[in-house]
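K.L.:
Got a structure here, written out as structure tokens. Questions coming.
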Amino acid sequence: MKFKTGILGVTAGLLLMAGTAQGASYTVLPGDSLWKISLKYETTVTDLVQRNQLTSDVLYPGQVIEVPGPSAHIVQDETMWQISQKYGITLDALIKANPQISNPNNVWNGLTVWIPDTKLSTPVSTPAPAPAPVVQPKPAQPAAYADGVFPLAKGTFQLPLVNNYNDGRSWTPAGEQLRKHDGVDIFAKQGTPIYSILDGQIINYGWNEYGGWRVTIRVDSTTAFYYAHLSEYAPGLGKGVSVKKGQLLGYVGSTGYGPEGTSGKFDPHLHFGIYKTSPSWSSIDPFPYLKWWEQQ
Ligand SMILES: [Zn+2]
């Protein structure tokens, strides 16, 4: 309960509307406005308008209005319990609002009892509990390629990673046709460096109508990693060239979906795919691997 004693300007006296616990009374001074009074009592103009059921914001000097705060009640042949009943508050609240009364069982005529203002909102005494931390399940270690490095440096790509493997895609060189997305898109700014996840040998290099400037790296006898939509290659690469884990391959771009040089048909990102190359080429879901490398 917000409680003030000895407020200047409070007219000590019972406000007329007995039966409800209300605020203190205040006598309007020359030059006062609802705004000025609201500041003085740390409240709002709306609160003052509602307390006083005002239909206009014009005040005149000498007008008595209700403001936030305890109001005074002068004891006259009654007990504290009877006073609490008169104002519709609990005896406990009344006793708490009157710490100056050492024995609430003994009050006498003429004694001032402060009636707490029930229109004041109770201040929040306990801070809101901190939100529970979001527990991210630790990604499972994949059976293969666990020692790979994530193809983009930490802090250079969009989080969280979203698995869009097997989502629908419709662009084909022959026109719109529904197909499966056979990799995962990692969004990053144009020009973000892309690194080789593992050691390997480049088996495809150059333009591809889907992947734009792309590079395919064989990492073992049955598996190839595919990096697509590059804006530019790192120097020294080409078909047959061996690369090392962590070696710069090129930069994120938005190339592809058309004849050589097409770019900007979508937002810049690295499309990464994993293909089993034997007995025939087929994609597998690269997401569990990416999640693992991301955490390393
Ligand atoms: Zn993609």
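By order in the structure tokens, chains are A, B, ...; within a chain, residues start at 1; ligands start at 1, following the order shown.
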Show me which residues are within 10 Å of ligand 1 counting only C-alpha atoms and all ligand atoms, and format the list as a PyMOL selection string.
P.N.:
chain A and resi 164-167+169+180-187+210-211+227-229+266+269-273
K.L.:
As a PyMOL selection string, please: every residue in segment 60-178 of chain A that a backbone DSSP assignment puts in helix (DSSP H, G or I).
P.N.:
chain A and resi 80-87+91-96
K.L.:
The selected residues should be written to file as a JSON list (two decimals), in the first residue's frame (atoms: C-alpha atoms).
P.N.:
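As a result, selection_4.json now contains:
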```json
[["chain", "number", "residue", "atom", "x", "y", "z"],
["A", 80, "MET", "CA", -11.28, 0.11, 14.95],
["A", 81, "TRP", "CA", -13.28, -2.88, 13.72],
["A", 82, "GLN", "CA", -16.39, -0.71, 13.35],
["A", 83, "ILE", "CA", -14.38, 1.90, 11.46],
["A", 84, "SER", "CA", -13.00, -0.77, 9.11],
["A", 85, "GLN", "CA", -16.56, -1.96, 8.43],
["A", 86, "LYS", "CA", -17.70, 1.58, 7.70],
["A", 87, "TYR", "CA", -15.11, 1.92, 4.95],
["A", 91, "LEU", "CA", -9.36, -4.57, 10.19],
["A", 92, "ASP", "CA", -5.87, -5.73, 9.32],
["A", 93, "ALA", "CA", -5.54, -3.14, 6.54],
["A", 94, "LEU", "CA", -6.77, -0.41, 8.89],
["A", 95, "ILE", "CA", -4.28, -1.38, 11.63],
["A", 96, "LYS", "CA", -1.41, -1.51, 9.10]]
```
K.L.:
Check the smallest atom-to-atom distance from each of A:Asp147, A:Glu209, A:Asp77, A:Glu66 to Lys119 of chain A using only C-alpha atoms, then report the winner.
P.N.:
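Closest to Lys119 of chain A, using only C-alpha atoms: A:Glu66.
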K.L.:
Determine, counting only C-alpha atoms, which protein, DNA and RNA residues have an atom within 9 Å of an atom of Asp267 of chain A; residues of the same chain fewer than 5 positions away are not included. Present the result as a list in words.
P.N.:
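Neighbouring residues, sequence-local ones excluded: Phe187, Ala188, Lys189, Gln190, Gly253 and Ser254 of chain A.
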K.L.:
May I have the selected residues written with N, CA and C atoms, as a PDB file, in the first residue's frame?
P.N.:
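Once everything was written out, this is part_31.pdb:
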```
ATOM      1  N   PHE A 187      21.279 -18.712 -44.302  1.00  0.00           N
ATOM      2  CA  PHE A 187      21.214 -17.321 -44.754  1.00  0.00           C
ATOM      3  C   PHE A 187      22.329 -16.496 -44.129  1.00  0.00           C
ATOM      4  N   ALA A 188      22.937 -15.659 -44.962  1.00  0.00           N
ATOM      5  CA  ALA A 188      24.045 -14.812 -44.522  1.00  0.00           C
ATOM      6  C   ALA A 188      24.151 -13.655 -45.510  1.00  0.00           C
ATOM      7  N   LYS A 189      24.888 -12.637 -45.114  1.00  0.00           N
ATOM      8  CA  LYS A 189      25.059 -11.487 -46.005  1.00  0.00           C
ATOM      9  C   LYS A 189      25.876 -11.871 -47.237  1.00  0.00           C
ATOM     10  N   GLN A 190      25.550 -11.238 -48.332  1.00  0.00           N
ATOM     11  CA  GLN A 190      26.336 -11.362 -49.560  1.00  0.00           C
ATOM     12  C   GLN A 190      27.810 -11.139 -49.218  1.00  0.00           C
ATOM     13  N   GLY A 253      26.451 -15.778 -51.948  1.00  0.00           N
ATOM     14  CA  GLY A 253      25.820 -14.936 -52.959  1.00  0.00           C
ATOM     15  C   GLY A 253      24.408 -15.415 -53.231  1.00  0.00           C
ATOM     16  N   SER A 254      23.889 -15.010 -54.385  1.00  0.00           N
ATOM     17  CA  SER A 254      22.516 -15.405 -54.759  1.00  0.00           C
ATOM     18  C   SER A 254      22.494 -15.807 -56.229  1.00  0.00           C
TER      19      SER A 254
END
```
K.L.:
Just the number, please: distance in Å from atom CA of Ile101 of chain A to atom CA of Val113 of chain A, one decimal.
P.N.:
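Interatomic distance here is 8.3 Å.
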K.L.:
Please report the interatomic distance between atom CA of Asn103 of chain A and atom CA of Ser25 of chain A in Å with one decimal.
P.N.:
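Between atom CA of Asn103 of chain A and atom CA of Ser25 of chain A the gap is 27.0 Å.
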K.L.:
List the spatial neighbours of Thr46 of chain A as a list in words - criterion: any atom at most 12 Å away, only C-alpha atoms, same-chain residues fewer than 5 positions off excluded.
P.N.:
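Close residues of Thr46 of chain A: Leu34, Trp35, Ile37, Ser38, Arg51, Asn52, Gln53, Leu54, Thr55, Ser56, Asp57 and Val67 of chain A.
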K.L.:
Keeping N, CA and C atoms, export the residues of the selection given above as a short mmCIF file (atom, residue, chain, number, x, y, z; two decimals), in the first residue's frame.
P.N.:
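The new file out-v7.cif reads:
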```
data_model
loop_
_atom_site.label_atom_id
_atom_site.label_comp_id
_atom_site.auth_asym_id
_atom_site.auth_seq_id
_atom_site.Cartn_x
_atom_site.Cartn_y
_atom_site.Cartn_z
N LEU A 34 -5.33 19.96 -13.25
CA LEU A 34 -5.33 18.51 -13.00
C LEU A 34 -3.93 17.94 -13.21
N TRP A 35 -3.27 18.47 -14.22
CA TRP A 35 -1.92 18.00 -14.55
C TRP A 35 -0.95 18.26 -13.40
N ILE A 37 -1.67 18.82 -10.26
CA ILE A 37 -2.05 18.04 -9.06
C ILE A 37 -1.66 16.58 -9.24
N SER A 38 -1.80 16.07 -10.48
CA SER A 38 -1.45 14.67 -10.72
C SER A 38 0.04 14.45 -10.47
N ARG A 51 -11.70 9.52 -10.00
CA ARG A 51 -11.99 9.61 -8.57
C ARG A 51 -13.09 10.64 -8.30
N ASN A 52 -13.04 11.72 -9.08
CA ASN A 52 -13.94 12.83 -8.81
C ASN A 52 -15.11 12.89 -9.79
N GLN A 53 -15.15 11.91 -10.69
CA GLN A 53 -16.22 11.84 -11.70
C GLN A 53 -16.38 13.20 -12.37
N LEU A 54 -15.23 13.78 -12.76
CA LEU A 54 -15.23 15.10 -13.38
C LEU A 54 -15.73 15.01 -14.81
N THR A 55 -16.48 16.00 -15.22
CA THR A 55 -16.92 16.05 -16.61
C THR A 55 -16.20 17.16 -17.36
N SER A 56 -15.36 17.90 -16.63
CA SER A 56 -14.62 18.99 -17.26
C SER A 56 -13.27 19.07 -16.55
N ASP A 57 -12.27 19.59 -17.22
CA ASP A 57 -10.98 19.70 -16.55
C ASP A 57 -10.76 21.10 -15.96
N VAL A 67 -7.84 13.13 -3.90
CA VAL A 67 -6.54 12.80 -4.47
C VAL A 67 -6.07 11.48 -3.83
#
```
K.L.:
Which of these, A:Asn98, A:Thr90, A:Trp108, A:Ile115, has the shortest distance to Pro68 of chain A once you count only C-alpha atoms?
P.N.:
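Counting only C-alpha atoms, the residue closest to Pro68 of chain A is A:Ile115.
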K.L.:
Which residues are close to Tyr145 of chain A, i.e. within 12 Å by only C-alpha atoms, leaving aside same-chain residues fewer than 3 positions away? Reply as a ChimeraX atom specification.
P.N.:
/A:141-142,148-150,197-200,219-220,223-225,245,274,286,288-290,292-293
K.L.:
I need the residue nearest Leu48 of chain A from this list: A:Val162, A:Ala234, A:Gly110, A:Leu120. Use only C-alpha atoms for the distance.
P.N.:
A:Leu120
